[in-house]
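Below is the file entry_37.csv, which contains CSV, C-alpha atoms.
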```
chain,number,residue,atom,x,y,z
A,145,MET,CA,3.9,-77.4,-7.9
A,146,VAL,CA,2.0,-77.3,-4.6
A,147,ASN,CA,-0.7,-79.8,-5.5
A,148,PRO,CA,1.5,-82.8,-6.4
A,149,SER,CA,3.7,-82.3,-3.4
A,150,VAL,CA,0.9,-82.1,-0.8
A,151,ALA,CA,-1.7,-84.5,-2.2
A,152,ASP,CA,-2.3,-87.8,-0.4
A,153,GLY,CA,-2.0,-90.8,-2.7
A,154,GLY,CA,-0.8,-91.1,-6.2
A,155,PRO,CA,-2.2,-91.1,-9.7
A,156,GLY,CA,-5.7,-92.5,-9.9
A,157,THR,CA,-6.8,-91.4,-6.4
A,158,GLY,CA,-8.7,-88.4,-7.6
A,159,ASN,CA,-6.5,-85.8,-5.9
A,160,GLY,CA,-5.4,-84.2,-9.1
A,161,VAL,CA,-1.7,-85.3,-8.9
A,162,VAL,CA,-1.4,-86.0,-12.6
A,163,GLY,CA,-3.3,-82.9,-13.5
A,164,GLY,CA,-1.2,-80.7,-11.3
A,165,ALA,CA,2.0,-82.1,-12.6
A,166,SER,CA,0.9,-81.8,-16.3
A,167,ALA,CA,-0.2,-78.2,-15.7
A,168,VAL,CA,3.3,-77.4,-14.5
A,169,VAL,CA,4.9,-79.0,-17.5
A,170,LEU,CA,2.5,-77.4,-20.0
A,171,GLY,CA,3.0,-74.0,-18.3
A,172,LEU,CA,6.8,-74.2,-18.7
A,173,ILE,CA,6.4,-75.2,-22.3
A,174,ALA,CA,4.0,-72.3,-22.9
A,175,SER,CA,6.5,-69.9,-21.3
A,176,VAL,CA,9.4,-71.1,-23.5
A,177,LEU,CA,7.2,-70.9,-26.7
A,178,GLY,CA,6.0,-67.4,-25.7
A,179,ARG,CA,9.4,-66.1,-25.1
A,180,SER,CA,10.7,-67.5,-28.4
A,181,ALA,CA,7.8,-65.9,-30.2
A,182,ARG,CA,8.5,-62.6,-28.5
A,183,VAL,CA,12.2,-62.7,-29.5
A,184,ARG,CA,11.3,-63.6,-33.1
A,185,SER,CA,8.8,-60.7,-33.3
A,186,ARG,CA,11.4,-58.2,-32.1
A,187,ARG,CA,13.9,-59.5,-34.6
A,188,ALA,CA,11.4,-59.2,-37.4
A,189,GLY,CA,11.1,-55.4,-36.9
A,190,ARG,CA,14.8,-54.8,-37.8
A,191,PRO,CA,16.1,-55.0,-41.3
A,192,ALA,CA,18.5,-57.8,-42.1
A,193,PRO,CA,22.2,-56.8,-42.2
A,194,ARG,CA,23.5,-56.4,-45.8
A,195,PRO,CA,26.5,-58.4,-46.7
A,196,ASP,CA,29.5,-56.5,-48.0
A,197,HIS,CA,30.2,-57.1,-51.7
A,198,ARG,CA,33.8,-56.3,-52.4
```
For the file at hand, write its structure as structure tokens.
Amino acid sequence: MVNPSVADGGPGTGNGVVGGASAVVLGLIASVLGRSARVRSRRAGRPAPRPDHR
């Protein structure tokens, strides 16, 4: 988040403001997707609970 906060000018000036901001957003999305994949893979190793048939 350093680049967008210290860059002079705005989008279109060539300072990488848009690229820096999009990198932060894409990094957060990747972190969320990676965590959800990790949680799902851990759940896949356990057998599903069996319902009680009474």
Original post:
CA of Pro155 (chain A) and CA of Val168 (chain A), how far apart in Å?
Top reply: 15.5 Å
**OP:** Could you please determine the separation between CA of Ser175 (chain A) and CA of Gly158 (chain A) in Å, to one decimal place?
**Re:**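 Those two atoms sit 27.6 Å apart.
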**OP:** Find the distance between CA of Gly189 (chain A) and CA of Leu172 (chain A) and write it in Å to one decimal.
**Re:**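 Going from CA of Gly189 (chain A) over to CA of Leu172 (chain A), I get 26.5 Å.
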Output file request: region 166-177 of chain A, with all heavy atoms, as an mmCIF file, in the first residue's frame.
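Final file, decode_16.cif:
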```cif
data_model
loop_
_atom_site.group_PDB
_atom_site.id
_atom_site.type_symbol
_atom_site.label_atom_id
_atom_site.label_comp_id
_atom_site.auth_asym_id
_atom_site.auth_seq_id
_atom_site.Cartn_x
_atom_site.Cartn_y
_atom_site.Cartn_z
ATOM 1 N N SER A 166 -4.125 -2.007 -7.664
ATOM 2 C CA SER A 166 -4.681 -3.273 -8.144
ATOM 3 C C SER A 166 -3.893 -4.454 -7.603
ATOM 4 O O SER A 166 -4.464 -5.521 -7.353
ATOM 5 C CB SER A 166 -4.731 -3.301 -9.669
ATOM 6 O OG SER A 166 -3.432 -3.247 -10.209
ATOM 7 N N ALA A 167 -2.594 -4.300 -7.380
ATOM 8 C CA ALA A 167 -1.804 -5.376 -6.787
ATOM 9 C C ALA A 167 -2.258 -5.679 -5.366
ATOM 10 O O ALA A 167 -2.309 -6.840 -4.955
ATOM 11 C CB ALA A 167 -0.331 -5.011 -6.808
ATOM 12 N N VAL A 168 -2.603 -4.643 -4.622
ATOM 13 C CA VAL A 168 -3.098 -4.849 -3.256
ATOM 14 C C VAL A 168 -4.425 -5.593 -3.286
ATOM 15 O O VAL A 168 -4.635 -6.559 -2.550
ATOM 16 C CB VAL A 168 -3.239 -3.496 -2.523
ATOM 17 C CG1 VAL A 168 -4.000 -3.657 -1.220
ATOM 18 C CG2 VAL A 168 -1.875 -2.892 -2.283
ATOM 19 N N VAL A 169 -5.321 -5.179 -4.165
ATOM 20 C CA VAL A 169 -6.641 -5.818 -4.256
ATOM 21 C C VAL A 169 -6.502 -7.270 -4.693
ATOM 22 O O VAL A 169 -7.107 -8.176 -4.104
ATOM 23 C CB VAL A 169 -7.558 -5.024 -5.211
ATOM 24 C CG1 VAL A 169 -8.839 -5.781 -5.486
ATOM 25 C CG2 VAL A 169 -7.860 -3.657 -4.634
ATOM 26 N N LEU A 170 -5.705 -7.513 -5.724
ATOM 27 C CA LEU A 170 -5.532 -8.889 -6.200
ATOM 28 C C LEU A 170 -4.830 -9.761 -5.158
ATOM 29 O O LEU A 170 -5.139 -10.948 -5.030
ATOM 30 C CB LEU A 170 -4.750 -8.901 -7.510
ATOM 31 C CG LEU A 170 -5.487 -8.332 -8.718
ATOM 32 C CD1 LEU A 170 -4.575 -8.308 -9.932
ATOM 33 C CD2 LEU A 170 -6.730 -9.144 -9.015
ATOM 34 N N GLY A 171 -3.918 -9.195 -4.401
ATOM 35 C CA GLY A 171 -3.268 -9.947 -3.339
ATOM 36 C C GLY A 171 -4.232 -10.357 -2.242
ATOM 37 O O GLY A 171 -4.172 -11.474 -1.722
ATOM 38 N N LEU A 172 -5.136 -9.458 -1.880
ATOM 39 C CA LEU A 172 -6.146 -9.795 -0.871
ATOM 40 C C LEU A 172 -7.097 -10.882 -1.366
ATOM 41 O O LEU A 172 -7.448 -11.796 -0.622
ATOM 42 C CB LEU A 172 -6.928 -8.544 -0.475
ATOM 43 C CG LEU A 172 -6.149 -7.502 0.316
ATOM 44 C CD1 LEU A 172 -6.979 -6.240 0.496
ATOM 45 C CD2 LEU A 172 -5.731 -8.059 1.661
ATOM 46 N N ILE A 173 -7.493 -10.780 -2.635
ATOM 47 C CA ILE A 173 -8.367 -11.810 -3.217
ATOM 48 C C ILE A 173 -7.654 -13.154 -3.238
ATOM 49 O O ILE A 173 -8.236 -14.190 -2.899
ATOM 50 C CB ILE A 173 -8.831 -11.393 -4.628
ATOM 51 C CG1 ILE A 173 -9.767 -10.196 -4.539
ATOM 52 C CG2 ILE A 173 -9.500 -12.555 -5.352
ATOM 53 C CD1 ILE A 173 -10.100 -9.576 -5.879
ATOM 54 N N ALA A 174 -6.378 -13.163 -3.612
ATOM 55 C CA ALA A 174 -5.614 -14.405 -3.645
ATOM 56 C C ALA A 174 -5.481 -15.013 -2.251
ATOM 57 O O ALA A 174 -5.538 -16.237 -2.093
ATOM 58 C CB ALA A 174 -4.248 -14.155 -4.255
ATOM 59 N N SER A 175 -5.309 -14.168 -1.248
ATOM 60 C CA SER A 175 -5.206 -14.669 0.128
ATOM 61 C C SER A 175 -6.501 -15.330 0.580
ATOM 62 O O SER A 175 -6.485 -16.390 1.207
ATOM 63 C CB SER A 175 -4.856 -13.528 1.075
ATOM 64 O OG SER A 175 -3.594 -13.018 0.778
ATOM 65 N N VAL A 176 -7.619 -14.700 0.254
ATOM 66 C CA VAL A 176 -8.919 -15.266 0.640
ATOM 67 C C VAL A 176 -9.162 -16.591 -0.085
ATOM 68 O O VAL A 176 -9.594 -17.574 0.532
ATOM 69 C CB VAL A 176 -10.053 -14.255 0.349
ATOM 70 C CG1 VAL A 176 -11.410 -14.899 0.490
ATOM 71 C CG2 VAL A 176 -9.927 -13.062 1.270
ATOM 72 N N LEU A 177 -8.880 -16.638 -1.376
ATOM 73 C CA LEU A 177 -9.080 -17.880 -2.126
ATOM 74 C C LEU A 177 -8.135 -18.977 -1.650
ATOM 75 O O LEU A 177 -8.522 -20.148 -1.560
ATOM 76 C CB LEU A 177 -8.885 -17.632 -3.622
ATOM 77 C CG LEU A 177 -9.968 -16.815 -4.308
ATOM 78 C CD1 LEU A 177 -9.591 -16.558 -5.766
ATOM 79 C CD2 LEU A 177 -11.298 -17.535 -4.232
#
```
